[in-house]
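J.: My file is target_11.txt. It has compact mmCIF, N, CA, C and O atoms:
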```txt
# COMPACT_ATOMS: atom_id res chain seq x y z
N MET C 211 0.81 -1.19 0.00
CA MET C 211 0.00 0.00 0.00
C MET C 211 0.85 1.26 0.00
O MET C 211 0.31 2.34 -0.07
N ALA C 212 2.14 1.11 0.10
CA ALA C 212 3.02 2.27 0.17
C ALA C 212 2.94 3.12 -1.09
O ALA C 212 3.10 4.33 -1.03
N GLU C 213 2.66 2.49 -2.23
CA GLU C 213 2.62 3.25 -3.48
C GLU C 213 1.29 3.99 -3.67
O GLU C 213 1.16 4.81 -4.56
N LEU C 214 0.29 3.70 -2.85
CA LEU C 214 -1.00 4.39 -2.95
C LEU C 214 -0.94 5.72 -2.22
O LEU C 214 -0.28 5.86 -1.20
N ARG C 215 -1.65 6.70 -2.75
CA ARG C 215 -1.62 8.03 -2.14
C ARG C 215 -3.05 8.59 -2.02
O ARG C 215 -3.91 8.28 -2.82
N GLY C 216 -3.23 9.44 -1.05
CA GLY C 216 -4.43 10.25 -0.90
C GLY C 216 -5.74 9.49 -1.01
O GLY C 216 -6.04 8.63 -0.21
N ARG C 217 -6.52 9.85 -2.01
CA ARG C 217 -7.85 9.29 -2.19
C ARG C 217 -7.80 7.80 -2.47
O ARG C 217 -8.64 7.05 -2.01
N GLU C 218 -6.77 7.37 -3.21
CA GLU C 218 -6.62 5.93 -3.50
C GLU C 218 -6.44 5.15 -2.21
O GLU C 218 -7.00 4.07 -2.05
N LEU C 219 -5.65 5.70 -1.29
CA LEU C 219 -5.40 5.04 -0.01
C LEU C 219 -6.69 4.94 0.80
O LEU C 219 -6.98 3.89 1.39
N SER C 220 -7.49 6.01 0.82
CA SER C 220 -8.73 5.96 1.58
C SER C 220 -9.72 4.98 0.96
O SER C 220 -10.47 4.31 1.67
N CYS C 221 -9.74 4.87 -0.37
CA CYS C 221 -10.61 3.90 -1.04
C CYS C 221 -10.17 2.48 -0.70
O CYS C 221 -11.00 1.62 -0.40
N ALA C 222 -8.86 2.24 -0.74
CA ALA C 222 -8.35 0.91 -0.42
C ALA C 222 -8.67 0.55 1.02
O ALA C 222 -9.05 -0.58 1.32
N ALA C 223 -8.53 1.50 1.93
CA ALA C 223 -8.83 1.25 3.34
C ALA C 223 -10.31 0.96 3.53
O ALA C 223 -10.69 0.08 4.31
N ALA C 224 -11.17 1.68 2.81
CA ALA C 224 -12.62 1.45 2.92
C ALA C 224 -12.98 0.06 2.40
O ALA C 224 -13.82 -0.63 2.98
N ILE C 225 -12.35 -0.36 1.31
CA ILE C 225 -12.61 -1.69 0.75
C ILE C 225 -12.17 -2.77 1.73
O ILE C 225 -12.89 -3.73 1.98
N GLU C 226 -10.97 -2.60 2.31
CA GLU C 226 -10.48 -3.58 3.29
C GLU C 226 -11.39 -3.66 4.50
O GLU C 226 -11.66 -4.76 5.01
N GLN C 227 -11.87 -2.53 4.97
CA GLN C 227 -12.75 -2.52 6.14
C GLN C 227 -14.08 -3.22 5.81
O GLN C 227 -14.58 -4.01 6.60
N ALA C 228 -14.64 -2.96 4.65
CA ALA C 228 -15.89 -3.61 4.26
C ALA C 228 -15.68 -5.10 4.08
O ALA C 228 -16.54 -5.91 4.43
N GLU C 229 -14.51 -5.47 3.55
CA GLU C 229 -14.21 -6.88 3.33
C GLU C 229 -14.12 -7.65 4.64
O GLU C 229 -14.53 -8.80 4.74
N ARG C 230 -13.57 -7.01 5.67
CA ARG C 230 -13.45 -7.66 6.98
C ARG C 230 -14.82 -7.99 7.56
O ARG C 230 -14.97 -8.95 8.31
N GLY C 231 -15.83 -7.18 7.23
CA GLY C 231 -17.17 -7.40 7.77
C GLY C 231 -17.97 -8.46 7.05
O GLY C 231 -19.03 -8.86 7.52
N LEU C 232 -17.49 -8.94 5.91
CA LEU C 232 -18.23 -9.93 5.14
C LEU C 232 -18.10 -11.32 5.73
O LEU C 232 -17.05 -11.69 6.25
N GLU C 233 -19.15 -12.07 5.62
CA GLU C 233 -19.12 -13.47 6.03
C GLU C 233 -18.41 -14.29 4.96
O GLU C 233 -18.56 -14.00 3.77
N PRO C 234 -17.66 -15.31 5.34
CA PRO C 234 -17.04 -16.16 4.31
C PRO C 234 -18.12 -16.89 3.52
O PRO C 234 -19.17 -17.24 4.06
N LEU C 235 -17.86 -17.12 2.23
CA LEU C 235 -18.84 -17.81 1.39
C LEU C 235 -19.03 -19.26 1.82
O LEU C 235 -20.12 -19.79 1.77
N MET C 236 -17.94 -19.88 2.24
CA MET C 236 -18.00 -21.28 2.68
C MET C 236 -17.16 -21.45 3.93
O MET C 236 -16.12 -20.84 4.07
N THR C 237 -17.65 -22.31 4.80
CA THR C 237 -16.83 -22.67 5.95
C THR C 237 -15.75 -23.64 5.46
O THR C 237 -15.82 -24.18 4.35
N GLU C 238 -14.76 -23.85 6.29
CA GLU C 238 -13.68 -24.76 5.91
C GLU C 238 -14.20 -26.18 5.70
O GLU C 238 -13.78 -26.88 4.78
N ALA C 239 -15.15 -26.61 6.51
CA ALA C 239 -15.73 -27.94 6.37
C ALA C 239 -16.49 -28.08 5.06
O ALA C 239 -16.38 -29.09 4.37
N LYS C 240 -17.24 -27.05 4.69
CA LYS C 240 -18.00 -27.07 3.44
C LYS C 240 -17.05 -27.11 2.24
O LYS C 240 -17.27 -27.85 1.28
N LEU C 241 -15.97 -26.35 2.30
CA LEU C 241 -14.98 -26.34 1.23
C LEU C 241 -14.32 -27.71 1.10
O LEU C 241 -14.11 -28.21 -0.01
N ARG C 242 -14.04 -28.37 2.23
CA ARG C 242 -13.46 -29.71 2.22
C ARG C 242 -14.44 -30.71 1.60
O ARG C 242 -14.05 -31.59 0.82
N ASP C 243 -15.74 -30.57 1.89
CA ASP C 243 -16.76 -31.44 1.31
C ASP C 243 -16.82 -31.28 -0.21
O ASP C 243 -16.94 -32.25 -0.94
N VAL C 244 -16.75 -30.03 -0.68
CA VAL C 244 -16.77 -29.78 -2.12
C VAL C 244 -15.55 -30.42 -2.78
O VAL C 244 -15.66 -31.06 -3.82
N ALA C 245 -14.37 -30.26 -2.16
CA ALA C 245 -13.15 -30.84 -2.72
C ALA C 245 -13.24 -32.36 -2.77
O ALA C 245 -12.85 -32.99 -3.77
N THR C 246 -13.80 -32.97 -1.75
CA THR C 246 -13.96 -34.43 -1.72
C THR C 246 -14.91 -34.89 -2.81
O THR C 246 -14.65 -35.86 -3.52
N THR C 247 -16.02 -34.17 -2.99
CA THR C 247 -17.00 -34.51 -4.02
C THR C 247 -16.37 -34.42 -5.41
O THR C 247 -16.55 -35.31 -6.24
N VAL C 248 -15.62 -33.35 -5.65
CA VAL C 248 -14.97 -33.18 -6.95
C VAL C 248 -13.97 -34.30 -7.19
O VAL C 248 -13.90 -34.88 -8.28
N ARG C 249 -13.18 -34.65 -6.18
CA ARG C 249 -12.19 -35.71 -6.32
C ARG C 249 -12.87 -37.05 -6.59
O ARG C 249 -12.42 -37.83 -7.41
N GLU C 250 -13.98 -37.31 -5.90
CA GLU C 250 -14.71 -38.57 -6.12
C GLU C 250 -15.33 -38.62 -7.51
O GLU C 250 -15.32 -39.65 -8.17
N ARG C 251 -15.88 -37.50 -7.97
CA ARG C 251 -16.56 -37.48 -9.25
C ARG C 251 -15.60 -37.50 -10.43
O ARG C 251 -15.79 -38.20 -11.40
N PHE C 252 -14.53 -36.70 -10.35
CA PHE C 252 -13.63 -36.57 -11.49
C PHE C 252 -12.31 -37.28 -11.30
O PHE C 252 -11.51 -37.36 -12.23
N GLY C 253 -12.05 -37.78 -10.12
CA GLY C 253 -10.80 -38.49 -9.87
C GLY C 253 -9.64 -37.55 -9.61
O GLY C 253 -9.73 -36.35 -9.79
N ASP C 254 -8.56 -38.13 -9.20
CA ASP C 254 -7.34 -37.39 -8.92
C ASP C 254 -6.47 -37.46 -10.17
O ASP C 254 -5.87 -38.49 -10.47
N ARG C 255 -6.43 -36.38 -10.94
CA ARG C 255 -5.71 -36.40 -12.23
C ARG C 255 -4.24 -36.71 -12.05
O ARG C 255 -3.66 -37.43 -12.85
N ASP C 256 -3.62 -36.17 -11.01
CA ASP C 256 -2.20 -36.42 -10.79
C ASP C 256 -1.96 -37.90 -10.49
O ASP C 256 -0.99 -38.48 -10.96
N LEU C 257 -2.84 -38.49 -9.71
CA LEU C 257 -2.72 -39.92 -9.41
C LEU C 257 -2.84 -40.73 -10.69
O LEU C 257 -2.05 -41.65 -10.92
N ARG C 258 -3.81 -40.39 -11.52
CA ARG C 258 -3.97 -41.10 -12.79
C ARG C 258 -2.73 -40.97 -13.66
O ARG C 258 -2.30 -41.92 -14.29
N LYS C 259 -2.17 -39.77 -13.73
CA LYS C 259 -0.96 -39.55 -14.53
C LYS C 259 0.18 -40.41 -14.01
O LYS C 259 0.91 -41.01 -14.80
N ARG C 260 0.35 -40.46 -12.69
CA ARG C 260 1.42 -41.29 -12.12
C ARG C 260 1.19 -42.76 -12.43
O ARG C 260 2.12 -43.49 -12.77
N GLN C 261 -0.05 -43.21 -12.31
CA GLN C 261 -0.36 -44.61 -12.60
C GLN C 261 -0.09 -44.95 -14.06
O GLN C 261 0.50 -45.99 -14.35
N MET C 262 -0.50 -44.07 -14.96
CA MET C 262 -0.26 -44.30 -16.38
C MET C 262 1.23 -44.33 -16.68
O MET C 262 1.72 -45.15 -17.46
N HIS C 263 2.00 -43.45 -16.06
CA HIS C 263 3.44 -43.40 -16.26
C HIS C 263 4.07 -44.71 -15.79
O HIS C 263 4.92 -45.29 -16.49
N LEU C 264 3.64 -45.19 -14.63
CA LEU C 264 4.18 -46.46 -14.12
C LEU C 264 3.81 -47.62 -15.03
O LEU C 264 4.61 -48.54 -15.25
N MET C 265 2.59 -47.59 -15.57
CA MET C 265 2.18 -48.66 -16.50
C MET C 265 3.06 -48.64 -17.75
O MET C 265 3.51 -49.68 -18.23
N ARG C 266 3.32 -47.44 -18.29
CA ARG C 266 4.18 -47.33 -19.48
C ARG C 266 5.58 -47.83 -19.19
O ARG C 266 6.18 -48.54 -20.00
N LEU C 267 6.11 -47.44 -18.02
CA LEU C 267 7.45 -47.92 -17.66
C LEU C 267 7.46 -49.43 -17.51
O LEU C 267 8.41 -50.09 -17.91
N GLY C 268 6.40 -49.96 -16.91
CA GLY C 268 6.30 -51.41 -16.73
C GLY C 268 6.29 -52.13 -18.06
O GLY C 268 6.96 -53.17 -18.23
N ARG C 269 5.56 -51.61 -19.04
CA ARG C 269 5.53 -52.24 -20.37
C ARG C 269 6.86 -52.09 -21.09
O ARG C 269 7.31 -52.99 -21.77
N LYS C 270 7.49 -50.93 -20.90
CA LYS C 270 8.75 -50.66 -21.59
C LYS C 270 9.86 -51.58 -21.09
O LYS C 270 10.67 -52.06 -21.88
N TYR C 271 9.91 -51.82 -19.80
CA TYR C 271 11.01 -52.60 -19.23
C TYR C 271 10.60 -54.03 -18.86
O TYR C 271 11.33 -54.72 -18.17
N ALA C 272 9.44 -54.47 -19.31
CA ALA C 272 8.98 -55.83 -18.99
C ALA C 272 9.72 -56.86 -19.81
O ALA C 272 10.26 -56.68 -20.82
```
Now that the file is in, can you turn its structure into structure tokens?
T.:
Amino acid sequence: MAELRGRELSCAAAIEQAERGLEPLMTEAKLRDVATTVRERFGDRDLRKRQMHLMRLGRKYA
């Protein structure tokens, strides 16, 4: 915020103050539930990539 001056600084401060008063959109538990649902529905892409890589290596060196 050091580069902000005058009116810009007061606008930024007003936005930060209003933001502090807002309720979070999701609780941490709700966010964890959404992440679990997405992982169950679409799978873990990184895990799939690792599994496919291991399968390719297994075929290559079998």
J.: Would you please extract all alpha helix (DSSP H) residues from chain C, as assigned by DSSP on the backbone, and give them as a PDB file with N, CA, C and O atoms, in the coordinates of the input?
T.:
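Result written to selection_3.pdb:
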```pdb
ATOM      1  N   GLY C 216      -3.230   9.440  -1.050  1.00  0.00           N
ATOM      2  CA  GLY C 216      -4.430  10.250  -0.900  1.00  0.00           C
ATOM      3  C   GLY C 216      -5.740   9.490  -1.010  1.00  0.00           C
ATOM      4  O   GLY C 216      -6.040   8.630  -0.210  1.00  0.00           O
ATOM      5  N   ARG C 217      -6.520   9.850  -2.010  1.00  0.00           N
ATOM      6  CA  ARG C 217      -7.850   9.290  -2.190  1.00  0.00           C
ATOM      7  C   ARG C 217      -7.800   7.800  -2.470  1.00  0.00           C
ATOM      8  O   ARG C 217      -8.640   7.050  -2.010  1.00  0.00           O
ATOM      9  N   GLU C 218      -6.770   7.370  -3.210  1.00  0.00           N
ATOM     10  CA  GLU C 218      -6.620   5.930  -3.500  1.00  0.00           C
ATOM     11  C   GLU C 218      -6.440   5.150  -2.210  1.00  0.00           C
ATOM     12  O   GLU C 218      -7.000   4.070  -2.050  1.00  0.00           O
ATOM     13  N   LEU C 219      -5.650   5.700  -1.290  1.00  0.00           N
ATOM     14  CA  LEU C 219      -5.400   5.040  -0.010  1.00  0.00           C
ATOM     15  C   LEU C 219      -6.690   4.940   0.800  1.00  0.00           C
ATOM     16  O   LEU C 219      -6.980   3.890   1.390  1.00  0.00           O
ATOM     17  N   SER C 220      -7.490   6.010   0.820  1.00  0.00           N
ATOM     18  CA  SER C 220      -8.730   5.960   1.580  1.00  0.00           C
ATOM     19  C   SER C 220      -9.720   4.980   0.960  1.00  0.00           C
ATOM     20  O   SER C 220     -10.470   4.310   1.670  1.00  0.00           O
ATOM     21  N   CYS C 221      -9.740   4.870  -0.370  1.00  0.00           N
ATOM     22  CA  CYS C 221     -10.610   3.900  -1.040  1.00  0.00           C
ATOM     23  C   CYS C 221     -10.170   2.480  -0.700  1.00  0.00           C
ATOM     24  O   CYS C 221     -11.000   1.620  -0.400  1.00  0.00           O
ATOM     25  N   ALA C 222      -8.860   2.240  -0.740  1.00  0.00           N
ATOM     26  CA  ALA C 222      -8.350   0.910  -0.420  1.00  0.00           C
ATOM     27  C   ALA C 222      -8.670   0.550   1.020  1.00  0.00           C
ATOM     28  O   ALA C 222      -9.050  -0.580   1.320  1.00  0.00           O
ATOM     29  N   ALA C 223      -8.530   1.500   1.930  1.00  0.00           N
ATOM     30  CA  ALA C 223      -8.830   1.250   3.340  1.00  0.00           C
ATOM     31  C   ALA C 223     -10.310   0.960   3.530  1.00  0.00           C
ATOM     32  O   ALA C 223     -10.690   0.080   4.310  1.00  0.00           O
ATOM     33  N   ALA C 224     -11.170   1.680   2.810  1.00  0.00           N
ATOM     34  CA  ALA C 224     -12.620   1.450   2.920  1.00  0.00           C
ATOM     35  C   ALA C 224     -12.980   0.060   2.400  1.00  0.00           C
ATOM     36  O   ALA C 224     -13.820  -0.630   2.980  1.00  0.00           O
ATOM     37  N   ILE C 225     -12.350  -0.360   1.310  1.00  0.00           N
ATOM     38  CA  ILE C 225     -12.610  -1.690   0.750  1.00  0.00           C
ATOM     39  C   ILE C 225     -12.170  -2.770   1.730  1.00  0.00           C
ATOM     40  O   ILE C 225     -12.890  -3.730   1.980  1.00  0.00           O
ATOM     41  N   GLU C 226     -10.970  -2.600   2.310  1.00  0.00           N
ATOM     42  CA  GLU C 226     -10.480  -3.580   3.290  1.00  0.00           C
ATOM     43  C   GLU C 226     -11.390  -3.660   4.500  1.00  0.00           C
ATOM     44  O   GLU C 226     -11.660  -4.760   5.010  1.00  0.00           O
ATOM     45  N   GLN C 227     -11.870  -2.530   4.970  1.00  0.00           N
ATOM     46  CA  GLN C 227     -12.750  -2.520   6.140  1.00  0.00           C
ATOM     47  C   GLN C 227     -14.080  -3.220   5.810  1.00  0.00           C
ATOM     48  O   GLN C 227     -14.580  -4.010   6.600  1.00  0.00           O
ATOM     49  N   ALA C 228     -14.640  -2.960   4.650  1.00  0.00           N
ATOM     50  CA  ALA C 228     -15.890  -3.610   4.260  1.00  0.00           C
ATOM     51  C   ALA C 228     -15.680  -5.100   4.080  1.00  0.00           C
ATOM     52  O   ALA C 228     -16.540  -5.910   4.430  1.00  0.00           O
ATOM     53  N   GLU C 229     -14.510  -5.470   3.550  1.00  0.00           N
ATOM     54  CA  GLU C 229     -14.210  -6.880   3.330  1.00  0.00           C
ATOM     55  C   GLU C 229     -14.120  -7.650   4.640  1.00  0.00           C
ATOM     56  O   GLU C 229     -14.530  -8.800   4.740  1.00  0.00           O
ATOM     57  N   ARG C 230     -13.570  -7.010   5.670  1.00  0.00           N
ATOM     58  CA  ARG C 230     -13.450  -7.660   6.980  1.00  0.00           C
ATOM     59  C   ARG C 230     -14.820  -7.990   7.560  1.00  0.00           C
ATOM     60  O   ARG C 230     -14.970  -8.950   8.310  1.00  0.00           O
ATOM     61  N   GLU C 238     -14.760 -23.850   6.290  1.00  0.00           N
ATOM     62  CA  GLU C 238     -13.680 -24.760   5.910  1.00  0.00           C
ATOM     63  C   GLU C 238     -14.200 -26.180   5.700  1.00  0.00           C
ATOM     64  O   GLU C 238     -13.780 -26.880   4.780  1.00  0.00           O
ATOM     65  N   ALA C 239     -15.150 -26.610   6.510  1.00  0.00           N
ATOM     66  CA  ALA C 239     -15.730 -27.940   6.370  1.00  0.00           C
ATOM     67  C   ALA C 239     -16.490 -28.080   5.060  1.00  0.00           C
ATOM     68  O   ALA C 239     -16.380 -29.090   4.370  1.00  0.00           O
ATOM     69  N   LYS C 240     -17.240 -27.050   4.690  1.00  0.00           N
ATOM     70  CA  LYS C 240     -18.000 -27.070   3.440  1.00  0.00           C
ATOM     71  C   LYS C 240     -17.050 -27.110   2.240  1.00  0.00           C
ATOM     72  O   LYS C 240     -17.270 -27.850   1.280  1.00  0.00           O
ATOM     73  N   LEU C 241     -15.970 -26.350   2.300  1.00  0.00           N
ATOM     74  CA  LEU C 241     -14.980 -26.340   1.230  1.00  0.00           C
ATOM     75  C   LEU C 241     -14.320 -27.710   1.100  1.00  0.00           C
ATOM     76  O   LEU C 241     -14.110 -28.210  -0.010  1.00  0.00           O
ATOM     77  N   ARG C 242     -14.040 -28.370   2.230  1.00  0.00           N
ATOM     78  CA  ARG C 242     -13.460 -29.710   2.220  1.00  0.00           C
ATOM     79  C   ARG C 242     -14.440 -30.710   1.600  1.00  0.00           C
ATOM     80  O   ARG C 242     -14.050 -31.590   0.820  1.00  0.00           O
ATOM     81  N   ASP C 243     -15.740 -30.570   1.890  1.00  0.00           N
ATOM     82  CA  ASP C 243     -16.760 -31.440   1.310  1.00  0.00           C
ATOM     83  C   ASP C 243     -16.820 -31.280  -0.210  1.00  0.00           C
ATOM     84  O   ASP C 243     -16.940 -32.250  -0.940  1.00  0.00           O
ATOM     85  N   VAL C 244     -16.750 -30.030  -0.680  1.00  0.00           N
ATOM     86  CA  VAL C 244     -16.770 -29.780  -2.120  1.00  0.00           C
ATOM     87  C   VAL C 244     -15.550 -30.420  -2.780  1.00  0.00           C
ATOM     88  O   VAL C 244     -15.660 -31.060  -3.820  1.00  0.00           O
ATOM     89  N   ALA C 245     -14.370 -30.260  -2.160  1.00  0.00           N
ATOM     90  CA  ALA C 245     -13.150 -30.840  -2.720  1.00  0.00           C
ATOM     91  C   ALA C 245     -13.240 -32.360  -2.770  1.00  0.00           C
ATOM     92  O   ALA C 245     -12.850 -32.990  -3.770  1.00  0.00           O
ATOM     93  N   THR C 246     -13.800 -32.970  -1.750  1.00  0.00           N
ATOM     94  CA  THR C 246     -13.960 -34.430  -1.720  1.00  0.00           C
ATOM     95  C   THR C 246     -14.910 -34.890  -2.810  1.00  0.00           C
ATOM     96  O   THR C 246     -14.650 -35.860  -3.520  1.00  0.00           O
ATOM     97  N   THR C 247     -16.020 -34.170  -2.990  1.00  0.00           N
ATOM     98  CA  THR C 247     -17.000 -34.510  -4.020  1.00  0.00           C
ATOM     99  C   THR C 247     -16.370 -34.420  -5.410  1.00  0.00           C
ATOM    100  O   THR C 247     -16.550 -35.310  -6.240  1.00  0.00           O
ATOM    101  N   VAL C 248     -15.620 -33.350  -5.650  1.00  0.00           N
ATOM    102  CA  VAL C 248     -14.970 -33.180  -6.950  1.00  0.00           C
ATOM    103  C   VAL C 248     -13.970 -34.300  -7.190  1.00  0.00           C
ATOM    104  O   VAL C 248     -13.900 -34.880  -8.280  1.00  0.00           O
ATOM    105  N   ARG C 249     -13.180 -34.650  -6.180  1.00  0.00           N
ATOM    106  CA  ARG C 249     -12.190 -35.710  -6.320  1.00  0.00           C
ATOM    107  C   ARG C 249     -12.870 -37.050  -6.590  1.00  0.00           C
ATOM    108  O   ARG C 249     -12.420 -37.830  -7.410  1.00  0.00           O
ATOM    109  N   GLU C 250     -13.980 -37.310  -5.900  1.00  0.00           N
ATOM    110  CA  GLU C 250     -14.710 -38.570  -6.120  1.00  0.00           C
ATOM    111  C   GLU C 250     -15.330 -38.620  -7.510  1.00  0.00           C
ATOM    112  O   GLU C 250     -15.320 -39.650  -8.170  1.00  0.00           O
ATOM    113  N   ARG C 251     -15.880 -37.500  -7.970  1.00  0.00           N
ATOM    114  CA  ARG C 251     -16.560 -37.480  -9.250  1.00  0.00           C
ATOM    115  C   ARG C 251     -15.600 -37.500 -10.430  1.00  0.00           C
ATOM    116  O   ARG C 251     -15.790 -38.200 -11.400  1.00  0.00           O
ATOM    117  N   PHE C 252     -14.530 -36.700 -10.350  1.00  0.00           N
ATOM    118  CA  PHE C 252     -13.630 -36.570 -11.490  1.00  0.00           C
ATOM    119  C   PHE C 252     -12.310 -37.280 -11.300  1.00  0.00           C
ATOM    120  O   PHE C 252     -11.510 -37.360 -12.230  1.00  0.00           O
ATOM    121  N   ARG C 255      -6.430 -36.380 -10.940  1.00  0.00           N
ATOM    122  CA  ARG C 255      -5.710 -36.400 -12.230  1.00  0.00           C
ATOM    123  C   ARG C 255      -4.240 -36.710 -12.050  1.00  0.00           C
ATOM    124  O   ARG C 255      -3.660 -37.430 -12.850  1.00  0.00           O
ATOM    125  N   ASP C 256      -3.620 -36.170 -11.010  1.00  0.00           N
ATOM    126  CA  ASP C 256      -2.200 -36.420 -10.790  1.00  0.00           C
ATOM    127  C   ASP C 256      -1.960 -37.900 -10.490  1.00  0.00           C
ATOM    128  O   ASP C 256      -0.990 -38.480 -10.960  1.00  0.00           O
ATOM    129  N   LEU C 257      -2.840 -38.490  -9.710  1.00  0.00           N
ATOM    130  CA  LEU C 257      -2.720 -39.920  -9.410  1.00  0.00           C
ATOM    131  C   LEU C 257      -2.840 -40.730 -10.690  1.00  0.00           C
ATOM    132  O   LEU C 257      -2.050 -41.650 -10.920  1.00  0.00           O
ATOM    133  N   ARG C 258      -3.810 -40.390 -11.520  1.00  0.00           N
ATOM    134  CA  ARG C 258      -3.970 -41.100 -12.790  1.00  0.00           C
ATOM    135  C   ARG C 258      -2.730 -40.970 -13.660  1.00  0.00           C
ATOM    136  O   ARG C 258      -2.300 -41.920 -14.290  1.00  0.00           O
ATOM    137  N   LYS C 259      -2.170 -39.770 -13.730  1.00  0.00           N
ATOM    138  CA  LYS C 259      -0.960 -39.550 -14.530  1.00  0.00           C
ATOM    139  C   LYS C 259       0.180 -40.410 -14.010  1.00  0.00           C
ATOM    140  O   LYS C 259       0.910 -41.010 -14.800  1.00  0.00           O
ATOM    141  N   ARG C 260       0.350 -40.460 -12.690  1.00  0.00           N
ATOM    142  CA  ARG C 260       1.420 -41.290 -12.120  1.00  0.00           C
ATOM    143  C   ARG C 260       1.190 -42.760 -12.430  1.00  0.00           C
ATOM    144  O   ARG C 260       2.120 -43.490 -12.770  1.00  0.00           O
ATOM    145  N   GLN C 261      -0.050 -43.210 -12.310  1.00  0.00           N
ATOM    146  CA  GLN C 261      -0.360 -44.610 -12.600  1.00  0.00           C
ATOM    147  C   GLN C 261      -0.090 -44.950 -14.060  1.00  0.00           C
ATOM    148  O   GLN C 261       0.500 -45.990 -14.350  1.00  0.00           O
ATOM    149  N   MET C 262      -0.500 -44.070 -14.960  1.00  0.00           N
ATOM    150  CA  MET C 262      -0.260 -44.300 -16.380  1.00  0.00           C
ATOM    151  C   MET C 262       1.230 -44.330 -16.680  1.00  0.00           C
ATOM    152  O   MET C 262       1.720 -45.150 -17.460  1.00  0.00           O
ATOM    153  N   HIS C 263       2.000 -43.450 -16.060  1.00  0.00           N
ATOM    154  CA  HIS C 263       3.440 -43.400 -16.260  1.00  0.00           C
ATOM    155  C   HIS C 263       4.070 -44.710 -15.790  1.00  0.00           C
ATOM    156  O   HIS C 263       4.920 -45.290 -16.490  1.00  0.00           O
ATOM    157  N   LEU C 264       3.640 -45.190 -14.630  1.00  0.00           N
ATOM    158  CA  LEU C 264       4.180 -46.460 -14.120  1.00  0.00           C
ATOM    159  C   LEU C 264       3.810 -47.620 -15.030  1.00  0.00           C
ATOM    160  O   LEU C 264       4.610 -48.540 -15.250  1.00  0.00           O
ATOM    161  N   MET C 265       2.590 -47.590 -15.570  1.00  0.00           N
ATOM    162  CA  MET C 265       2.180 -48.660 -16.500  1.00  0.00           C
ATOM    163  C   MET C 265       3.060 -48.640 -17.750  1.00  0.00           C
ATOM    164  O   MET C 265       3.510 -49.680 -18.230  1.00  0.00           O
ATOM    165  N   ARG C 266       3.320 -47.440 -18.290  1.00  0.00           N
ATOM    166  CA  ARG C 266       4.180 -47.330 -19.480  1.00  0.00           C
ATOM    167  C   ARG C 266       5.580 -47.830 -19.190  1.00  0.00           C
ATOM    168  O   ARG C 266       6.180 -48.540 -20.000  1.00  0.00           O
ATOM    169  N   LEU C 267       6.110 -47.440 -18.020  1.00  0.00           N
ATOM    170  CA  LEU C 267       7.450 -47.920 -17.660  1.00  0.00           C
ATOM    171  C   LEU C 267       7.460 -49.430 -17.510  1.00  0.00           C
ATOM    172  O   LEU C 267       8.410 -50.090 -17.910  1.00  0.00           O
ATOM    173  N   GLY C 268       6.400 -49.960 -16.910  1.00  0.00           N
ATOM    174  CA  GLY C 268       6.300 -51.410 -16.730  1.00  0.00           C
ATOM    175  C   GLY C 268       6.290 -52.130 -18.060  1.00  0.00           C
ATOM    176  O   GLY C 268       6.960 -53.170 -18.230  1.00  0.00           O
ATOM    177  N   ARG C 269       5.560 -51.610 -19.040  1.00  0.00           N
ATOM    178  CA  ARG C 269       5.530 -52.240 -20.370  1.00  0.00           C
ATOM    179  C   ARG C 269       6.860 -52.090 -21.090  1.00  0.00           C
ATOM    180  O   ARG C 269       7.310 -52.990 -21.770  1.00  0.00           O
ATOM    181  N   LYS C 270       7.490 -50.930 -20.900  1.00  0.00           N
ATOM    182  CA  LYS C 270       8.750 -50.660 -21.590  1.00  0.00           C
ATOM    183  C   LYS C 270       9.860 -51.580 -21.090  1.00  0.00           C
ATOM    184  O   LYS C 270      10.670 -52.060 -21.880  1.00  0.00           O
TER     185      LYS C 270
END
```
J.: Just the number, please: distance in Å from atom CA of C:Gly216 to atom O of C:Glu233, one decimal.
T.: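 Distance between the two atoms: 28.5 Å.
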J.: Any idea what the distance is between atom O of C:Glu238 and atom C of C:Glu250?
T.: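 Atom C of C:Glu250 lies 17.1 Å from atom O of C:Glu238.
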